[in-house]
Amino acid sequence: MTDAPVTAAEKYARLLAEAQQVRGTSLGRDAWRRLKRNRAAMIALGYLFLIGIGALFTPLWPLQAPRMVRSDRAFAAPQFQPAFTQTTTWIDDSGAIDDDAVSAAFGIRAADDPKSGWFDAFNRQLLRLRGAIFGRWEAASWCGCDMLGRDLLARLFWGARISLVVGLVAGLVSLVIGVSYGATSGYLGGTVDSLMMRFVDVLYSIPFIFVVILLITVLDDPEVKAGLSSWGIENRITIFFFVVGAIYWLTMARVVRGQVLSLKQEQFVEAARTIGCNRRRIIFLHLVPNLLSIIIVYLTLTIPRVMLFEAFLSFLGLGVEAPDVSWGVLANEGTQSITAVHIDWWLVVYPGLALGSTLFALNFLGDGLRDALDPRLKNR
Amino acid sequence: MIKASDAPLLEVRDLKVHFPFRRGSLFRPEHGFIRAVDGVSFSLREGETLGLVGESGCGKSTTARAVLNLIPPTFGEVCLEGEPIAGLSDTAMLPHRQTMQMIFQDPFASLNPRMTVGRIVGEPLKIFRPGMDREGRAVEVMRLLDMVGLNPRFLNRYPHEFSGGQRQRIGIARALAVGPKLIFCDEPVSALDVSIQAQIVNLLEDLQTQLKLAYVFIAHDLSLVRHISDMVGVMYLGRIVEIAPADELYRNPRHPYTKALLSAVPVADPQIERTRQRIVLTGDVPSPDRVYPGCPFADRCPQVRDECRKSPPKLEGIAGTADVHQAACFFARD
Amino acid sequence: MHKPLLQVEDLRVEFHTDDGVVRAVDGVSFNVAAGETLGIAGESGSGKSVTNLAILGLLPRPPARIVGGRAMFDGRDLLTLSQPELRRIRGRRVAMIFQDPMTSLNPLLTVAEQLTEMTRLHLGHTPRQALDHAVTMLEKVGIPAAGRRVHDYPHQFSGGMRQRVMIAMALSCKPDLLIADEPTTALDVTIQAQILELIRDLQRDEGTAVVLITHDLGVMANLCRRVAVMYAGRIVEESSVDELYSRPHHPYTLGLLRSRPRLSGGDGRLRPIDGQPPDLSRLPSGCAFHPRCPFVVDRCRVERPALLPTPFEGRAACFVSKEVAAAAEVELD
């Protein structure tokens with residue numbers, strides 16, 4: 001006998017390495033394959049990706065400083081001649097960066113500021129990198145300037161950061177609350193379901209714009225502000241994420257509950273009960289992953305709504321606080337600048353374009369995802 | 001003295017599952033019960049197969065789900081290895097799920113499409129053997145896949161990449177993972193192509209010999225039930241109307257419903273088909289929401305007599321069969 | 001010899017899917033004579049339903065595309081007719097019943113409305129005549145109290161009764177050809193027996209030709225005179241029902257027949273067909289059945305066998321059909 005008798009365990013342990021090589025095509029990968037064939041959705045996805053990258057690395061781009069006020073350039077129209085100019089305010093010929101000037105012009109806190117956090121450090125690094133690459137060069141006011149002579153292009157980029165983050169974070173908050181709540185309610189069913197859904201109905205019936213106004217007024221109270229500050233929450237915008245997320249989960253919860261109600265009749269849920277899965281396991285391992293398509297699609301529809309809502313609140317002066325800026329704030333300023341005497345069209349058109357194109361892209365992506373994830377179109 | 005092996009593995013006594021319903025208008029509501037299972041009793045020993053046949057709505061699947069406590073039984077006793085389990089909570093039921101498992105009808109709906117085969121089959125291991133590490137679980141899953149005739153290398157594939165027969169094998173591997181003694185097979189092959197059905201039936205038989213499993217085999221295919229079962233129970237309107245050893249039941253059916261059922265099955269032989277005499281029943285399976293004062297089959301029975309409509313016949317042993325052949329008909333002896 | 005009522009020649013249907021082009025029906029030919037019953041057997045994906053949907057012009061196009069062949073009915077090629085022309089033939093000359101009666105009955109209309117619509121349209125009945133005719137048809141298919149129940153909605157009927165209504169509707173214009181796609185698969189055995197009996201009686205009385213599509217060899221033996229067996233989009237064997245069940249010439253037919261347990265019992269271990277049903281988008285080379293075939297020879301792997309006459313008035317697509325038939329005679333006894 002040359003071959004030593006191999007135990008079953010050894011045999012399978014040997015096969016295990018081989019098994020790791022065989023990768024199945026998950027439904028997700030299958031959907032991605034289909035999404036790739038949808039040109040509109042892919043363009044939308046690419047566009048959103050570019051905007052995301054653009055916003056994330058904003059300090060890297062050779063843009064003017066977003067907070068730099070120049071009264072001589074108030075309401076200046078877009079100019080392309082020359083396309084690039086040289087700045088002198090925060091960077092000198094040798095490439096040395098003046099931290100205090102940066103703090104004033106960009107809103108990036110200096111390293112010795114006690115409030116300076118990791119995000120300020122990240123921005124500072126980017127800015128340094130920019131100094132190394134572009135030196136003192138910066139783009140001219142391609143999109144014109146606002147009433148204080150601040151460069152609109154730069155403000156659009158800095159505004160994208162806040163607008164996108166608001167959309168994303170509020171969307172995710174609504175997702176987490178809505179999915180857990182809806183799935184639990186749907187799976188438990190019966191009286192629990194009725195009670196949980198009546199609670200949602202009650203929340204629905206409260207006109208939430210008043211809730212938001214109330215909340216934001218409360219938050220503006222100096223005492224509350226001081227309290228929050230001790231928790232490390234400096235900015236109204238942070239609160240804003242949670243408020244909006246906490247409001248937008250209602251519809252998500254209803255959608256998810258409806259799906260769970262039909263999904264829990266499926267045999268694989270019964271099978272999961274038979275092998276002894278507890279409720280939490282069934283809800284979060286068996287039901288929720290199968291709702292992913294609905295959830296993702298719904299998320300792509302919630303994010304634009306949240307962004308619009310932020311714009312709306314900024315319109316009312318309740319959203320982002322100056323000198324911070326968001327697309328909503330920019331659009332608001334733009335419309336305010338329209339008077340009978342002169343129309344500074346660029347102040348309305350460019351923020352509108354930025355907001356509109358992003359919302360469009362999200363909707364296209366949502367549509368494409370719905371088609372790609374819809375199992376009815378599958379030919380299996 | 002009773003030897004341990006003689007004690008039944010599963011004993012079901014007078015099991016009832018009634019679903020309350022409300023219908024009619026808002027102002028004149030009608031309340032009642034759907035008697036899906038209405039007094040079913042049977043017992044099963046280790047390594048034995050009980051076939052349950054009957055038409056749709058006769059309560060055969062509901063019986064299985066009630067025994068497994070997936071649907072709470074309304075009434076009756078269920079003893080698994082001598083322990084009463086009817087109506088236990090999910091937590092209290094957990095240890096018994098190691099003994100009792102189920103295989104489902106639809107191989108496309110019974111596997112979670114988002115999980116790999118490895119995770120599907122490994123899930124019961126995760127629940128019942130929490131000490132097992134990832135690798136140990138993977139090895140065990142591969143052993144199970146091998147046992148049900150699947151390539152163990154396909155651990156990381158998803159259910160939709162398999163054909164119907166292969167998926168049913170995955171379902172069987174999942175049921176086997178906890179090492180059960182009893183498996184409920186709810187129409188395990190009726191959704192499969194004819195050429196694949198026999199593969200699965202053979203697999204179930206091999207596993208039975210190998211692992212000394214007991215089956216409750218639920219199907220509407222009478223030929224198949226005869227093939228796989230030791231005992232066969234015929235269900236009608238939530239009750240077992242006749243139960244007997246398989247060969248005895250098919251050779252010598254006593255209940256008129258069993259006779260009609262057997263004569264209605266088309267046989268894959270044109271010569272037999274041309275000469276066969278059929279008992280074609282009139283009417284449909286009646287609705288289980290009514291209470292029948294007499295025999296529930298009376299309305300469709302070709303041999304109905306007056307007594308049948310007055311009191312319900314009990315399931316009684318037929319003389320000369322040592323009570324292994326039982327039928328619920330006043331005239332079963334005739 | 002009758003002149004064939006329906007003559008299908010070399011029908012080819014393709015589906016365009018994500019995985020590429022799938023050839024669901026690949027050169028299918030068969031004839032149906034007036035008053036005859038032809039059974040088409042096959043598993044899911046064998047193309048049996050697609051064949052008939054194509055003939056009736058009911059395939060969704062796209063994704064389906066009829067790439068070749070003819071379906072001559074009464075001197076006209078059904079495949080080239082326009083939808084309005086087809087609609088005139090469907091219902092009047094060719095009727096169909098499907099597995100699930102609920103998909104073919106409109107749940108919002110009463111049975112009377114649906115039954116009379118057909119006869120008023122196709123036979124020019126007056127409303128009075130049409131209603132009388134509808135009641136007669138329902139009585140004929142064995143619906144009790146037909147005069148009253150004709151005004152019910154489809155959901156008020158049970159599954160078996162609904163299938164009867166379907167049959168009444170299909171036969172109300174006295175069609176020449178009835179295509180029944182798995183008419184009893186969703187029904188219970190005792191109801192199935194009723195429906196089969198009904199189809200047989202109606203056929204005898206009216207002389208309607210029937211194409212019965214089913215996977216159940218028992219139902220087939222019960223109702224058909226001639227049988228075609230399909231596998232992977234092609235007819236692999238066709239012969240009289242007695243021949244086919246006693247002396248099949250194709251290993252797939254033999255495999256199907258011996259894989260089923262018998263009601264009479266005593267068949268020991270079952271003998272399944274090995275392997276899995278073919279994936280139509282990745283068909284094996286040569287004969288599509290060769291990976292599962294116990295009789296396989298080298299030639300099967302490279303060359304596709306043609307459907308050729310057997311010595312017993314049938315046709316089979318197999319290189320070793322003689323050996324198969326000999327083996328079958330020994331085994332199927």
# chains A, B, ... in the order shown; residues from 1 in each chain; ligands from 1

$ closest_atom_pairs --of "chain B" --to "chain C" --cutoff "6 Å" --atoms "only C-alpha atoms" --output "JSON lines"
{"residue": "B:Glu55", "atom": "CA", "partner": "C:Asp188", "partner_atom": "CA", "distance": 5.6}
{"residue": "B:Asp193", "atom": "CA", "partner": "C:Glu43", "partner_atom": "CA", "distance": 5.8}
{"residue": "B:Ser195", "atom": "CA", "partner": "C:Ile273", "partner_atom": "CA", "distance": 5.4}
{"residue": "B:Ala198", "atom": "CA", "partner": "C:Pro272", "partner_atom": "CA", "distance": 4.8}
{"residue": "B:Gln199", "atom": "CA", "partner": "C:Pro272", "partner_atom": "CA", "distance": 5.3}
{"residue": "B:Ser223", "atom": "CA", "partner": "C:Leu263", "partner_atom": "CA", "distance": 4.2}
{"residue": "B:Leu224", "atom": "CA", "partner": "C:Pro261", "partner_atom": "CA", "distance": 5.9}
{"residue": "B:Ala264", "atom": "CA", "partner": "C:Ala193", "partner_atom": "CA", "distance": 5.5}
{"residue": "B:Pro266", "atom": "CA", "partner": "C:Gly218", "partner_atom": "CA", "distance": 4.5}
{"residue": "B:Val267", "atom": "CA", "partner": "C:Gly218", "partner_atom": "CA", "distance": 4.4}
{"residue": "B:Ala268", "atom": "CA", "partner": "C:Gly218", "partner_atom": "CA", "distance": 4.0}
{"residue": "B:Asp269", "atom": "CA", "partner": "C:Ala221", "partner_atom": "CA", "distance": 5.9}
{"residue": "B:Pro270", "atom": "CA", "partner": "C:Ala221", "partner_atom": "CA", "distance": 4.6}
{"residue": "B:Glu273", "atom": "CA", "partner": "C:Asn222", "partner_atom": "CA", "distance": 5.5}

$ interface_residues --of "chain C" --to "chain A" --cutoff "12 Å" --atoms "only C-alpha atoms" --output "number ranges by chain"
C: 15-20, 22, 45, 63, 279-281

$ atom_distance --atom1 "atom CA of Pro154 of chain C" --atom2 "atom CA of Leu178 of chain C"
21.4 Å

$ closest_residue --among "A:Leu355, A:Ala105, A:Gly28, A:Ser230" --to "Arg305 of chain A" --atoms "only C-alpha atoms"
A:Leu355

$ closest_residue --among "B:Leu94, B:Ala246, B:Ile318, B:Val67" --to "chain A" --atoms "only C-alpha atoms"
B:Leu94

$ interface_residues --of "chain B" --to "chain A" --cutoff "9 Å" --atoms "only C-alpha atoms" --output "VMD selection string"
chain B and resid 68 to 70 90 to 91 93 to 95 97 to 98 100 to 106 108 to 116 123 to 124 127 to 128 135 to 136 138 to 140 142 to 143 152 to 158 160 to 161 171 174 to 175 178

$ select_by_dssp --residues "segment 140-303 of chain C" --states "strand (DSSP E or B)" --output "ChimeraX atom specification"
/C:177-181,209-214,226-231,234-240

$ residues_around --residues "Ile43 of chain A" --least-positions-apart "5" --cutoff "12 Å" --atoms "only C-alpha atoms" --output "number ranges by chain"
A: 35-38, 48-50, 357-358, 360-365, 368

$ residues_around --residues "Phe19 of chain B" --least-positions-apart "4" --cutoff "9 Å" --atoms "only C-alpha atoms" --output "PyMOL selection string"
chain B and resi 32-36+74

$ residues_around --residues "Leu15 of chain B" --least-positions-apart "2" --cutoff "10 Å" --atoms "only C-alpha atoms" --output "PyMOL selection string"
chain B and resi 12-13+17+37-42+63+66-67+73-78+86+238-239

$ residues_around --residues "Asp306 of chain B" --least-positions-apart "3" --cutoff "12 Å" --atoms "only C-alpha atoms" --output "MDAnalysis selection string"
chainID B and resid 294:295 298:299 301 303 309:312 330:331

$ atom_distance --atom1 "atom CA of Trp32 of chain A" --atom2 "atom CA of Ile296 of chain A"
12.9 Å

$ residues_around --residues "Leu291 of chain A" --least-positions-apart "4" --cutoff "8 Å" --atoms "only C-alpha atoms" --output "list in words"
Val256, Gln259, Val260, Leu287 and Ile295 of chain A

$ select_by_dssp --residues "segment 133-315 of chain C" --states "helix (DSSP H, G or I)" --output "VMD selection string"
chain C and resid 133 to 140 146 to 149 154 to 156 159 to 171 189 to 206 217 to 223 241 to 246 251 to 259 280 to 282 290 to 292 298 to 302
